[in-house]
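**Student:** Below is the file work02.cif, with mmCIF, C-alpha atoms.
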data_query
#
loop_
_atom_site.label_atom_id
_atom_site.label_comp_id
_atom_site.auth_asym_id
_atom_site.auth_seq_id
_atom_site.Cartn_x
_atom_site.Cartn_y
_atom_site.Cartn_z
CA MET A 348 3.16 -18.06 -24.16
CA ALA A 349 3.53 -16.03 -27.39
CA ASP A 350 1.78 -18.24 -29.94
CA LYS A 351 -0.35 -15.42 -31.35
CA LYS A 352 0.70 -12.21 -33.08
CA ALA A 353 -0.75 -8.75 -33.69
CA GLN A 354 0.04 -6.71 -36.77
CA LEU A 355 0.66 -2.99 -36.54
CA ILE A 356 0.06 -1.01 -39.76
CA ILE A 357 2.01 2.25 -39.97
CA GLU A 358 1.31 4.39 -43.01
CA GLY A 359 4.25 4.37 -45.41
CA ALA A 360 6.05 1.54 -43.63
CA ALA A 361 6.04 -2.24 -43.68
CA PRO A 362 3.64 -3.92 -41.21
CA VAL A 363 5.15 -4.75 -37.83
CA GLU A 364 4.39 -8.09 -36.20
CA LEU A 365 4.09 -7.97 -32.40
CA PRO A 366 3.85 -11.10 -30.20
CA ILE A 367 0.71 -11.53 -28.09
CA LEU A 368 1.52 -12.88 -24.62
CA THR A 369 -0.98 -14.89 -22.60
CA GLY A 370 -0.90 -15.01 -18.82
CA THR A 371 -2.48 -17.53 -16.45
CA VAL A 372 -5.62 -15.39 -16.21
CA GLY A 373 -6.52 -11.93 -17.44
CA PRO A 374 -6.40 -10.26 -20.85
CA ASP A 375 -3.73 -11.00 -23.45
CA VAL A 376 -0.84 -8.54 -23.66
CA ILE A 377 0.73 -7.18 -26.83
CA ASP A 378 4.53 -7.19 -26.56
CA VAL A 379 5.67 -3.85 -28.03
CA ARG A 380 9.37 -4.16 -27.20
CA SER A 381 10.34 -4.57 -30.87
CA LEU A 382 8.52 -1.36 -31.78
CA THR A 383 11.72 0.64 -31.25
CA SER A 384 13.08 -0.87 -34.48
CA THR A 385 10.58 1.34 -36.33
CA GLY A 386 11.88 4.48 -34.62
CA ARG A 387 8.62 4.80 -32.68
CA PHE A 388 7.35 3.95 -29.21
CA THR A 389 4.02 4.00 -27.38
CA PHE A 390 2.44 6.86 -25.43
CA ASP A 391 0.54 5.77 -22.31
CA PRO A 392 0.36 8.35 -19.48
CA GLY A 393 -0.45 6.72 -16.17
CA PHE A 394 0.41 3.29 -17.64
CA MET A 395 -3.30 2.62 -18.17
CA SER A 396 -2.61 0.13 -20.98
CA THR A 397 0.96 -0.93 -20.23
CA ALA A 398 2.30 -3.96 -18.35
CA SER A 399 5.67 -2.93 -16.95
CA CYS A 400 6.68 -6.39 -15.78
CA GLU A 401 5.78 -10.05 -15.53
CA SER A 402 4.73 -11.21 -12.06
CA LYS A 403 3.42 -14.30 -10.29
CA ILE A 404 2.47 -12.59 -7.02
CA THR A 405 -0.91 -10.84 -7.19
CA TYR A 406 -3.76 -10.77 -9.70
CA ILE A 407 -6.65 -8.30 -9.80
CA ASP A 408 -9.80 -8.57 -11.91
CA GLY A 409 -11.35 -5.17 -11.32
CA ASP A 410 -14.47 -5.84 -13.39
CA ASN A 411 -15.44 -8.84 -11.29
CA GLY A 412 -14.06 -7.69 -7.93
CA ILE A 413 -11.39 -10.40 -7.63
CA LEU A 414 -8.08 -10.13 -5.75
CA LEU A 415 -5.79 -13.16 -5.63
CA HIS A 416 -2.47 -13.56 -3.79
CA ARG A 417 -0.53 -16.42 -5.42
CA GLY A 418 -3.93 -17.73 -6.57
CA TYR A 419 -5.68 -17.54 -3.19
CA PRO A 420 -8.74 -15.23 -2.92
CA ILE A 421 -8.23 -12.40 -0.45
CA GLU A 422 -11.49 -13.26 1.32
CA GLN A 423 -10.20 -16.77 2.14
CA LEU A 424 -6.85 -15.48 3.36
CA ALA A 425 -8.58 -12.96 5.63
CA GLU A 426 -10.87 -15.65 7.04
CA LYS A 427 -8.57 -18.68 7.29
CA SER A 428 -5.06 -17.25 7.49
CA ASP A 429 -3.19 -14.55 9.40
CA TYR A 430 -0.81 -11.79 8.35
CA LEU A 431 2.47 -13.66 8.82
CA GLU A 432 1.10 -16.64 6.86
CA THR A 433 0.15 -14.20 4.12
CA CYS A 434 3.66 -12.71 4.29
CA TYR A 435 5.17 -16.17 3.86
CA LEU A 436 2.85 -16.79 0.91
CA LEU A 437 3.77 -13.55 -0.85
CA LEU A 438 7.48 -14.00 -0.26
CA ASN A 439 7.72 -17.71 -1.08
CA GLY A 440 4.84 -18.55 -3.41
CA GLU A 441 3.07 -21.12 -1.22
CA LEU A 442 1.29 -21.16 2.12
CA PRO A 443 3.56 -22.57 4.84
CA THR A 444 3.28 -25.93 6.54
CA ALA A 445 2.92 -25.84 10.32
CA GLU A 446 6.69 -26.33 10.66
CA GLN A 447 7.52 -23.69 8.06
CA LYS A 448 5.16 -21.20 9.69
CA ALA A 449 6.67 -21.77 13.13
CA GLN A 450 10.16 -21.20 11.75
CA PHE A 451 9.12 -18.08 9.82
CA VAL A 452 7.31 -16.57 12.84
CA SER A 453 10.38 -17.30 14.96
CA ASN A 454 12.65 -15.60 12.40
CA VAL A 455 10.43 -12.53 12.32
CA LYS A 456 10.27 -12.30 16.12
CA ASN A 457 14.07 -12.55 16.32
CA HIS A 458 14.33 -9.37 14.24
CA THR A 459 11.63 -7.16 15.80
CA MET A 460 14.07 -4.95 17.73
CA VAL A 461 15.92 -2.13 15.98
CA HIS A 462 19.43 -0.90 16.67
CA GLU A 463 19.42 1.22 19.83
CA GLN A 464 21.25 4.06 18.09
CA LEU A 465 18.37 4.40 15.64
CA LYS A 466 16.48 6.14 18.44
CA THR A 467 18.79 9.12 18.09
CA PHE A 468 17.50 9.72 14.54
CA PHE A 469 14.13 10.70 15.94
CA ASN A 470 15.61 13.63 17.82
CA GLY A 471 16.36 15.31 14.50
CA PHE A 472 12.64 15.59 13.71
CA ARG A 473 10.18 18.06 15.15
CA ARG A 474 7.60 16.44 17.39
CA ASP A 475 4.81 17.73 15.13
CA ALA A 476 6.37 16.35 11.94
CA HIS A 477 4.02 14.22 9.85
CA PRO A 478 4.61 10.56 10.78
CA MET A 479 5.18 9.64 7.12
CA ALA A 480 8.02 12.16 6.90
CA VAL A 481 9.68 10.49 9.87
CA MET A 482 8.96 7.00 8.52
CA CYS A 483 10.64 7.80 5.19
CA GLY A 484 13.75 8.94 7.02
CA VAL A 485 14.14 6.13 9.54
CA VAL A 486 13.41 3.31 7.07
CA GLY A 487 15.95 4.71 4.62
CA ALA A 488 18.43 4.93 7.50
CA LEU A 489 18.19 1.19 8.19
CA SER A 490 20.77 0.57 5.46
CA ALA A 491 23.31 2.40 7.64
CA PHE A 492 22.74 -0.13 10.44
CA TYR A 493 22.19 -3.42 8.63
CA HIS A 494 24.83 -3.27 5.91
CA ASP A 495 25.71 -6.93 6.46
CA SER A 496 22.92 -7.96 4.08
CA LEU A 497 22.94 -5.36 1.31
CA ASP A 498 24.32 -7.48 -1.53
CA ILE A 499 21.23 -7.57 -3.74
CA ASN A 500 22.78 -10.32 -5.89
CA ASN A 501 23.02 -12.65 -2.88
CA PRO A 502 19.74 -14.61 -2.38
CA GLN A 503 20.50 -15.11 1.31
CA HIS A 504 21.01 -11.38 1.81
CA ARG A 505 17.68 -10.73 0.10
CA GLU A 506 15.95 -13.19 2.44
CA ILE A 507 17.47 -11.62 5.56
CA SER A 508 16.54 -8.11 4.42
CA ALA A 509 12.97 -9.23 3.69
CA VAL A 510 12.53 -10.73 7.16
CA ARG A 511 14.14 -7.71 8.81
CA LEU A 512 11.78 -5.32 7.06
CA VAL A 513 8.64 -7.31 7.88
CA ALA A 514 9.80 -7.62 11.50
CA LYS A 515 10.95 -4.06 12.13
CA MET A 516 8.19 -2.06 10.45
CA PRO A 517 5.72 -2.40 13.38
CA THR A 518 8.49 -1.37 15.79
CA LEU A 519 9.39 1.67 13.71
CA ALA A 520 5.74 2.65 13.16
CA ALA A 521 5.07 2.51 16.90
CA MET A 522 8.27 4.48 17.59
CA VAL A 523 7.08 7.18 15.18
CA TYR A 524 3.79 7.42 17.08
CA LYS A 525 5.39 7.44 20.52
CA TYR A 526 7.83 10.15 19.45
CA SER A 527 4.96 12.37 18.26
CA MET A 528 3.19 11.85 21.59
CA GLY A 529 6.25 12.48 23.73
CA GLN A 530 5.90 9.04 25.31
CA PRO A 531 8.60 6.43 25.97
CA MET A 532 9.17 4.06 23.08
CA MET A 533 8.12 0.52 23.90
CA TYR A 534 10.27 -2.51 23.13
CA PRO A 535 8.62 -5.34 21.18
CA ARG A 536 7.37 -8.40 23.02
CA ASN A 537 8.05 -11.69 21.28
CA ASP A 538 5.45 -13.55 23.31
CA LEU A 539 2.72 -11.66 21.46
CA SER A 540 1.38 -12.14 17.95
CA TYR A 541 2.38 -9.71 15.20
CA ALA A 542 -0.78 -7.59 15.54
CA GLU A 543 -0.86 -7.82 19.35
CA ASN A 544 2.75 -6.71 19.53
CA PHE A 545 2.02 -3.68 17.35
CA LEU A 546 -0.92 -2.61 19.52
CA HIS A 547 1.21 -3.19 22.63
CA MET A 548 3.99 -0.91 21.34
CA MET A 549 1.43 1.70 20.26
CA PHE A 550 -0.74 1.99 23.35
CA ASN A 551 1.10 0.62 26.38
CA THR A 552 3.59 2.53 28.49
CA PRO A 553 6.30 1.34 30.91
CA CYS A 554 4.08 2.26 33.86
CA GLU A 555 0.91 0.58 32.59
CA ILE A 556 0.73 -2.60 30.52
CA LYS A 557 -2.84 -3.36 29.48
CA PRO A 558 -3.96 -6.65 27.91
CA ILE A 559 -4.63 -6.50 24.18
CA SER A 560 -8.21 -7.16 23.10
CA PRO A 561 -8.36 -10.26 20.84
CA ILE A 562 -11.07 -8.57 18.73
CA LEU A 563 -8.89 -5.50 18.13
CA ALA A 564 -5.82 -7.64 17.44
CA LYS A 565 -7.81 -9.66 14.90
CA ALA A 566 -9.05 -6.45 13.27
CA MET A 567 -5.50 -5.11 13.08
CA ASP A 568 -4.27 -8.38 11.58
CA ARG A 569 -7.00 -8.23 8.93
CA ILE A 570 -6.10 -4.66 8.07
CA PHE A 571 -2.53 -5.85 7.54
CA ILE A 572 -3.67 -8.76 5.34
CA LEU A 573 -6.01 -6.63 3.23
CA HIS A 574 -3.25 -4.10 2.55
CA ALA A 575 -0.38 -6.56 2.05
CA ASP A 576 -0.20 -6.28 -1.74
CA HIS A 577 -2.21 -4.87 -4.62
CA GLU A 578 -0.35 -5.65 -7.83
CA GLN A 579 1.44 -2.86 -9.77
CA ASN A 580 0.14 0.19 -7.94
CA ALA A 581 2.07 3.47 -7.74
CA SER A 582 4.17 2.58 -4.69
CA THR A 583 4.93 -0.99 -5.82
CA SER A 584 5.95 0.29 -9.23
CA THR A 585 8.15 2.85 -7.46
CA VAL A 586 9.85 0.10 -5.42
CA ARG A 587 10.48 -1.93 -8.59
CA LEU A 588 11.81 1.13 -10.44
CA ALA A 589 14.14 2.05 -7.58
CA GLY A 590 15.23 -1.57 -7.28
CA SER A 591 16.01 -1.78 -11.00
CA SER A 592 18.85 0.69 -10.41
CA GLY A 593 20.47 -1.70 -7.93
CA ALA A 594 19.46 0.33 -4.88
CA ASN A 595 19.52 -1.44 -1.51
CA PRO A 596 16.22 -2.84 -0.17
CA PHE A 597 15.83 -0.26 2.60
CA ALA A 598 16.20 2.60 0.11
CA CYS A 599 13.67 0.92 -2.19
CA ILE A 600 11.12 0.56 0.61
CA ALA A 601 11.69 4.18 1.66
CA ALA A 602 10.91 5.16 -1.96
CA GLY A 603 7.72 3.11 -1.76
CA ILE A 604 6.75 4.88 1.47
CA ALA A 605 7.26 8.25 -0.21
CA ALA A 606 5.00 7.23 -3.12
CA LEU A 607 2.39 5.83 -0.73
CA TRP A 608 2.20 9.14 1.10
CA GLY A 609 0.15 10.75 -1.67
CA PRO A 610 -3.55 11.31 -0.87
CA ALA A 611 -4.55 9.56 -4.11
CA HIS A 612 -2.78 6.38 -2.93
CA GLY A 613 -2.02 5.47 0.67
CA GLY A 614 -3.41 8.70 2.05
CA ALA A 615 -6.92 7.80 0.94
CA ASN A 616 -8.10 6.50 4.33
CA GLU A 617 -6.70 9.63 5.96
CA ALA A 618 -8.60 11.67 3.36
CA VAL A 619 -11.83 9.87 4.39
CA LEU A 620 -11.56 11.24 7.92
CA THR A 621 -10.66 14.68 6.59
CA MET A 622 -13.77 14.57 4.41
CA LEU A 623 -15.93 13.61 7.39
CA ASP A 624 -14.51 16.60 9.25
CA GLU A 625 -15.42 18.81 6.29
CA ILE A 626 -19.02 17.52 6.21
CA GLY A 627 -19.15 18.05 9.95
CA ASP A 628 -22.60 16.78 10.87
CA VAL A 629 -25.27 14.34 9.69
CA SER A 630 -27.54 17.31 8.95
CA ASN A 631 -25.11 18.42 6.24
CA ILE A 632 -25.02 15.12 4.35
CA ASP A 633 -27.69 15.96 1.77
CA THR A 634 -25.82 19.15 0.82
CA PHE A 635 -22.52 17.29 0.33
CA ILE A 636 -24.17 14.39 -1.54
CA ALA A 637 -25.60 16.97 -3.95
CA LYS A 638 -22.14 18.50 -4.31
CA ALA A 639 -20.66 15.06 -5.07
CA LYS A 640 -23.26 14.49 -7.79
CA ASP A 641 -22.65 17.92 -9.35
CA LYS A 642 -20.13 17.55 -12.18
CA ASN A 643 -19.18 21.20 -11.86
CA ASP A 644 -18.39 20.95 -8.15
CA PRO A 645 -14.81 19.88 -7.23
CA PHE A 646 -15.95 18.15 -4.02
CA LYS A 647 -15.36 14.39 -4.01
CA LEU A 648 -16.60 11.75 -1.60
CA MET A 649 -13.43 9.98 -0.45
CA GLY A 650 -13.52 6.25 0.24
CA PHE A 651 -16.09 5.37 -2.42
CA GLY A 652 -15.33 3.52 -5.65
CA HIS A 653 -11.88 2.46 -6.83
CA ARG A 654 -9.74 3.08 -9.90
CA VAL A 655 -9.22 -0.65 -10.46
CA TYR A 656 -12.42 -2.21 -9.12
CA LYS A 657 -15.40 -1.49 -11.36
CA ASN A 658 -17.44 -3.80 -9.17
CA ARG A 659 -17.23 -3.93 -5.38
CA ASP A 660 -13.79 -3.92 -3.75
CA PRO A 661 -13.45 -7.51 -2.38
CA ARG A 662 -11.40 -6.20 0.53
CA ALA A 663 -14.22 -3.88 1.56
CA THR A 664 -16.59 -6.79 2.21
CA VAL A 665 -14.16 -8.28 4.74
CA MET A 666 -13.36 -4.86 6.18
CA LYS A 667 -17.03 -4.01 6.74
CA GLN A 668 -17.48 -7.18 8.81
CA THR A 669 -14.36 -6.30 10.79
CA CYS A 670 -15.60 -2.74 11.25
CA ASP A 671 -18.88 -3.98 12.74
CA GLU A 672 -16.98 -6.30 15.12
CA VAL A 673 -14.69 -3.49 16.33
CA LEU A 674 -17.50 -1.00 16.93
CA LYS A 675 -19.43 -3.66 18.85
CA GLU A 676 -16.35 -4.58 20.92
CA LEU A 677 -15.61 -0.98 21.83
CA GLY A 678 -19.26 -0.09 22.42
CA ILE A 679 -18.76 3.26 20.75
CA LYS A 680 -21.88 5.38 20.84
CA ASN A 681 -22.60 9.02 20.18
CA ASP A 682 -19.45 9.58 18.12
CA PRO A 683 -20.55 12.20 15.55
CA GLN A 684 -17.87 11.25 13.02
CA LEU A 685 -18.66 7.53 13.12
CA GLU A 686 -22.38 8.26 12.97
CA LEU A 687 -21.71 10.37 9.90
CA ALA A 688 -19.64 7.61 8.30
CA MET A 689 -22.36 5.00 8.88
CA ARG A 690 -24.97 7.27 7.32
CA LEU A 691 -22.78 7.80 4.26
CA GLU A 692 -22.33 4.04 3.97
CA GLU A 693 -26.10 3.55 4.07
CA ILE A 694 -26.62 6.10 1.30
CA ALA A 695 -23.88 4.63 -0.90
CA LEU A 696 -25.37 1.14 -0.63
CA THR A 697 -28.93 2.26 -1.48
CA ASP A 698 -28.76 5.39 -3.65
CA PRO A 699 -29.15 4.52 -7.38
CA TYR A 700 -26.57 7.20 -8.29
CA PHE A 701 -23.87 5.36 -6.33
CA ILE A 702 -25.03 1.87 -7.28
CA GLU A 703 -25.12 2.59 -11.02
CA ARG A 704 -21.57 4.00 -10.89
CA SER A 705 -20.25 1.26 -8.57
CA LEU A 706 -19.34 3.89 -5.97
CA TYR A 707 -19.41 1.40 -3.12
CA PRO A 708 -17.52 2.04 0.13
CA ASN A 709 -13.99 0.77 -0.44
CA VAL A 710 -11.31 -0.63 1.86
CA ASP A 711 -10.07 2.87 2.73
CA PHE A 712 -13.50 3.92 3.97
CA TYR A 713 -13.81 1.07 6.45
CA SER A 714 -10.16 0.95 7.51
CA GLY A 715 -10.29 4.64 8.36
CA ILE A 716 -13.30 4.07 10.62
CA ILE A 717 -11.66 1.06 12.32
CA LEU A 718 -8.37 2.82 12.96
CA LYS A 719 -10.13 5.86 14.39
CA ALA A 720 -12.24 3.63 16.64
CA ILE A 721 -9.14 1.83 17.94
CA GLY A 722 -7.65 5.20 18.85
CA ILE A 723 -5.05 5.61 16.15
CA PRO A 724 -4.71 9.25 15.01
CA THR A 725 -5.47 10.11 11.40
CA SER A 726 -1.87 11.11 10.69
CA MET A 727 -0.77 7.53 11.45
CA PHE A 728 -3.13 5.84 8.98
CA THR A 729 -0.72 5.87 6.05
CA VAL A 730 2.14 4.67 8.26
CA ILE A 731 0.07 1.59 9.10
CA PHE A 732 -0.65 1.12 5.39
CA ALA A 733 3.11 1.24 4.75
CA LEU A 734 3.72 -1.28 7.52
CA ALA A 735 1.26 -3.73 5.94
CA ARG A 736 2.35 -3.12 2.33
CA THR A 737 6.06 -3.62 3.05
CA VAL A 738 5.79 -7.38 2.47
CA GLY A 739 4.20 -6.78 -0.92
CA TRP A 740 6.90 -4.31 -1.88
CA ILE A 741 9.73 -6.58 -0.82
CA SER A 742 8.10 -9.58 -2.55
CA HIS A 743 8.02 -7.68 -5.85
CA TRP A 744 11.58 -6.46 -5.28
CA LYS A 745 12.75 -10.04 -4.69
CA GLU A 746 10.83 -11.34 -7.69
CA MET A 747 12.39 -8.74 -9.97
CA LEU A 748 15.92 -9.48 -8.78
CA SER A 749 15.50 -13.25 -9.11
CA SER A 750 15.14 -13.08 -12.90
CA PRO A 751 16.74 -11.00 -15.69
CA TYR A 752 15.62 -7.37 -15.56
CA LYS A 753 16.52 -3.99 -17.00
CA ILE A 754 16.80 -0.64 -15.30
CA GLY A 755 13.52 1.23 -15.67
CA ARG A 756 13.74 3.97 -18.27
CA PRO A 757 10.36 5.31 -19.48
CA ARG A 758 10.31 7.25 -22.75
CA GLN A 759 8.54 10.57 -23.30
CA LEU A 760 6.63 12.50 -25.93
CA TYR A 761 8.68 15.69 -26.10
CA THR A 762 6.65 18.83 -26.87
CA GLY A 763 9.16 21.53 -25.87
CA TYR A 764 11.31 23.80 -28.05
CA ASP A 765 13.40 22.42 -30.89
CA SER A 766 17.14 23.21 -30.79
CA ARG A 767 17.86 26.94 -30.47
CA ASP A 768 20.87 29.15 -29.79
CA VAL A 769 21.67 31.04 -26.58
CA SER A 770 21.65 34.80 -27.15
CA LYS A 771 23.67 37.34 -25.21
CA LEU A 772 22.08 38.57 -21.99
CA GLU A 773 21.79 42.14 -23.25
CA ASP A 774 20.00 40.99 -26.42
CA ARG A 775 17.23 39.10 -24.61
CA LYS A 776 13.84 40.74 -24.34
#
Would you write out, as structure tokens, the structure that this file holds?

**Tutor:**
Amino acid sequence: MADKKAQLIIEGAAPVELPILTGTVGPDVIDVRSLTSTGRFTFDPGFMSTASCESKITYIDGDNGILLHRGYPIEQLAEKSDYLETCYLLLNGELPTAEQKAQFVSNVKNHTMVHEQLKTFFNGFRRDAHPMAVMCGVVGALSAFYHDSLDINNPQHREISAVRLVAKMPTLAAMVYKYSMGQPMMYPRNDLSYAENFLHMMFNTPCEIKPISPILAKAMDRIFILHADHEQNASTSTVRLAGSSGANPFACIAAGIAALWGPAHGGANEAVLTMLDEIGDVSNIDTFIAKAKDKNDPFKLMGFGHRVYKNRDPRATVMKQTCDEVLKELGIKNDPQLELAMRLEEIALTDPYFIERSLYPNVDFYSGIILKAIGIPTSMFTVIFALARTVGWISHWKEMLSSPYKIGRPRQLYTGYDSRDVSKLEDRK
């Protein structure tokens, strides 16, 4: 893996040889761990040029618009698989056989309920609290209820915690929504699929149980698949960093949820709807497109382009198809916000300014439209992202713990004061 070497020349010092590591695919990586022997270290804000770990889970080629989970293209998983199969793949490294899938689905369904006392936690939150604030709290609290599987050095405990988190996140997400609406919380139904069960807990009430549309359930399942993992993003890196301290899995996932909350990360699809509200009407589009093209204007079109993908986001292609299916199923017409979104999509796909800069509609753009069409409020978008991404987080957490690792401890370039003495209060000016 390290058959090549790079040589670092530092003025006034002997050359330093650094191993070059080669992965399965992707660029070679220079191993700088021995650099500390020179009394120096690297400076890389935002980790733009730094690999923080070795992983076998997900690979992204942003230049060519490729996303692979354990080697499988995301487009194929979205077309031929379902979310729980994808969960099994991320957690175990291979797609399940029919028998393995049946057992895994059964295990997940056996853990969909949460401890009844957990309901009392919700009463401590205001009804108008942001759902992500509530989600952070209740997921972190799970460790107080399921402390029978918190030994992170026990592989069986790690497996049980992983299944519990995948199983309980839809229940908790729906409970967060019901609490904000003042409606009774719905128990999970194990006769339904993962996505159907989530929609059941979200939109049904004890006095009216409506059948779940297969088209909407399929759309929800695809949203879960397309958000399941995305390599070393901010929230996944946060989960790994928290896990490196030996923190329990529920605390680590709560940390990931907190990182995901940011509008530059998981809040991006929520920001799309906020942007559409700001534009207001189709008649205002030209004005806001001009603002987006103006380098001196702070306005940004949310949901277009991606930090990693310099070509088209492969998830967006699948999501656009799903978006069309949902809008057709629901027969939504004369919705000003959706009309506005479709017009923006048309411009982004045809305007040379957007094409030349690869500012294509991304997964957040389409997922925001789908979730709104289904009837999910904007404030819940990031909660659903967290629900889907939990399996990716826990897969990375498990992978890290299954091999030797060190507690995360980034270095810094200090630019503050040098050592100085404390003067008496009366002498300070």

**Student:** At a cut-off of 12 Å around the point (7.2, 2.7, -12.6) (file coordinates), what residues fall inside when counting only C-alpha atoms? I'd like the answer as a list of chain:residue names.

**Tutor:**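 The requested residues, written out, are A:Pro392, A:Gly393, A:Phe394, A:Met395, A:Thr397, A:Ala398, A:Ser399, A:Cys400, A:Gln579, A:Asn580, A:Ala581, A:Ser582, A:Thr583, A:Ser584, A:Thr585, A:Val586, A:Arg587, A:Leu588, A:Ala589, A:Gly590, A:Ser591, A:Ala602, A:Gly603, A:Ala606, A:Ile754, A:Gly755, A:Arg756, A:Pro757, A:Arg758.
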
**Student:** So how many Å separate atom CA of A:Thr371 and atom CA of A:Ser402, to one decimal?

**Tutor:**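 Between atom CA of A:Thr371 and atom CA of A:Ser402 the gap is 10.5 Å.
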
**Student:** Can you measure atom CA of A:Thr467 to atom CA of A:Thr737 for me? One decimal in Å is fine.

**Tutor:**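 That distance, rounded to one decimal, is 23.5 Å.
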
**Student:** List the residues selected by the PyMOL selection byres ((chain A and resi 568) around 10) in the file shown, writing them as a list in words.

**Tutor:**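 Applying the expression gives Ala425, Ser428, Asp429, Tyr430, Leu431, Ser540, Tyr541, Ala542, Glu543, Phe545, Ile562, Leu563, Ala564, Lys565, Ala566, Met567, Arg569, Ile570, Phe571, Ile572, Leu573 and Ala735 of chain A.
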
**Student:** For this file, the PyMOL selection byres ((chain A and resi 724) around 12) selects which residues, as an MDAnalysis selection string?

**Tutor:** chainID A and resid 477:478 523:525 527:528 549:550 616:617 620:621 715:723 725:731

**Student:** Within 9 Å of (-11.6, 1.8, 2.1) (file coordinates; all atoms listed in the file), which protein or nucleic acid residues are there? I'd like them as a list in words.

**Tutor:**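 All residues meeting the 9 Å criterion around (-11.6, 1.8, 2.1) are Ala615, Asn616, Val619, Met649, Gly650, Phe651, Gly652, His653, Asp660, Arg662, Ala663, Met666, Pro708, Asn709, Val710, Asp711, Phe712, Tyr713, Ser714, Gly715 and Ile716 of chain A.
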
**Student:** Apply the PyMOL selection byres ((chain A and resi 483) around 12) to the file shown and report the selected residues as a PyMOL selection string.

**Tutor:** chain A and resi 468-469+472+476-482+484-489+516+519-520+523+597-608+729-730+733-734

**Student:** Using Å and a single decimal, report how far atom CA of A:Ser508 sits from atom CA of A:His458.

**Tutor:** 10.1 Å

**Student:** Would you compute the box with edges along x, y and z of the file around stretch 439-445 of chain A, including every atom the file lists for it and 5 Å extra on each side, and give its centre and edge lengths in Å to one decimal, as AutoDock Vina command-line options?

**Tutor:**
--center_x 4.5 --center_y -21.8 --center_z 3.5 --size_x 16.4 --size_y 18.2 --size_z 23.7

**Student:** Counting only C-alpha atoms, figure out which residue out of A:His462, A:Lys351, A:Lys456, A:Lys771 gets nearest to A:Ala514.

**Tutor:** A:Lys456

**Student:** Using all atoms listed in the file for the distances, tell me which of A:Asp350, A:Asp768, A:Asp633, A:Glu578 is nearest to A:Glu401.

**Tutor:** A:Glu578

**Student:** Using all atoms listed in the file, which of the listed residues (A:Arg659, A:Phe701, A:Ala688, A:Asn595) sits closest to A:Ala637?

**Tutor:**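 Closest to A:Ala637 of all the choices is A:Phe701.
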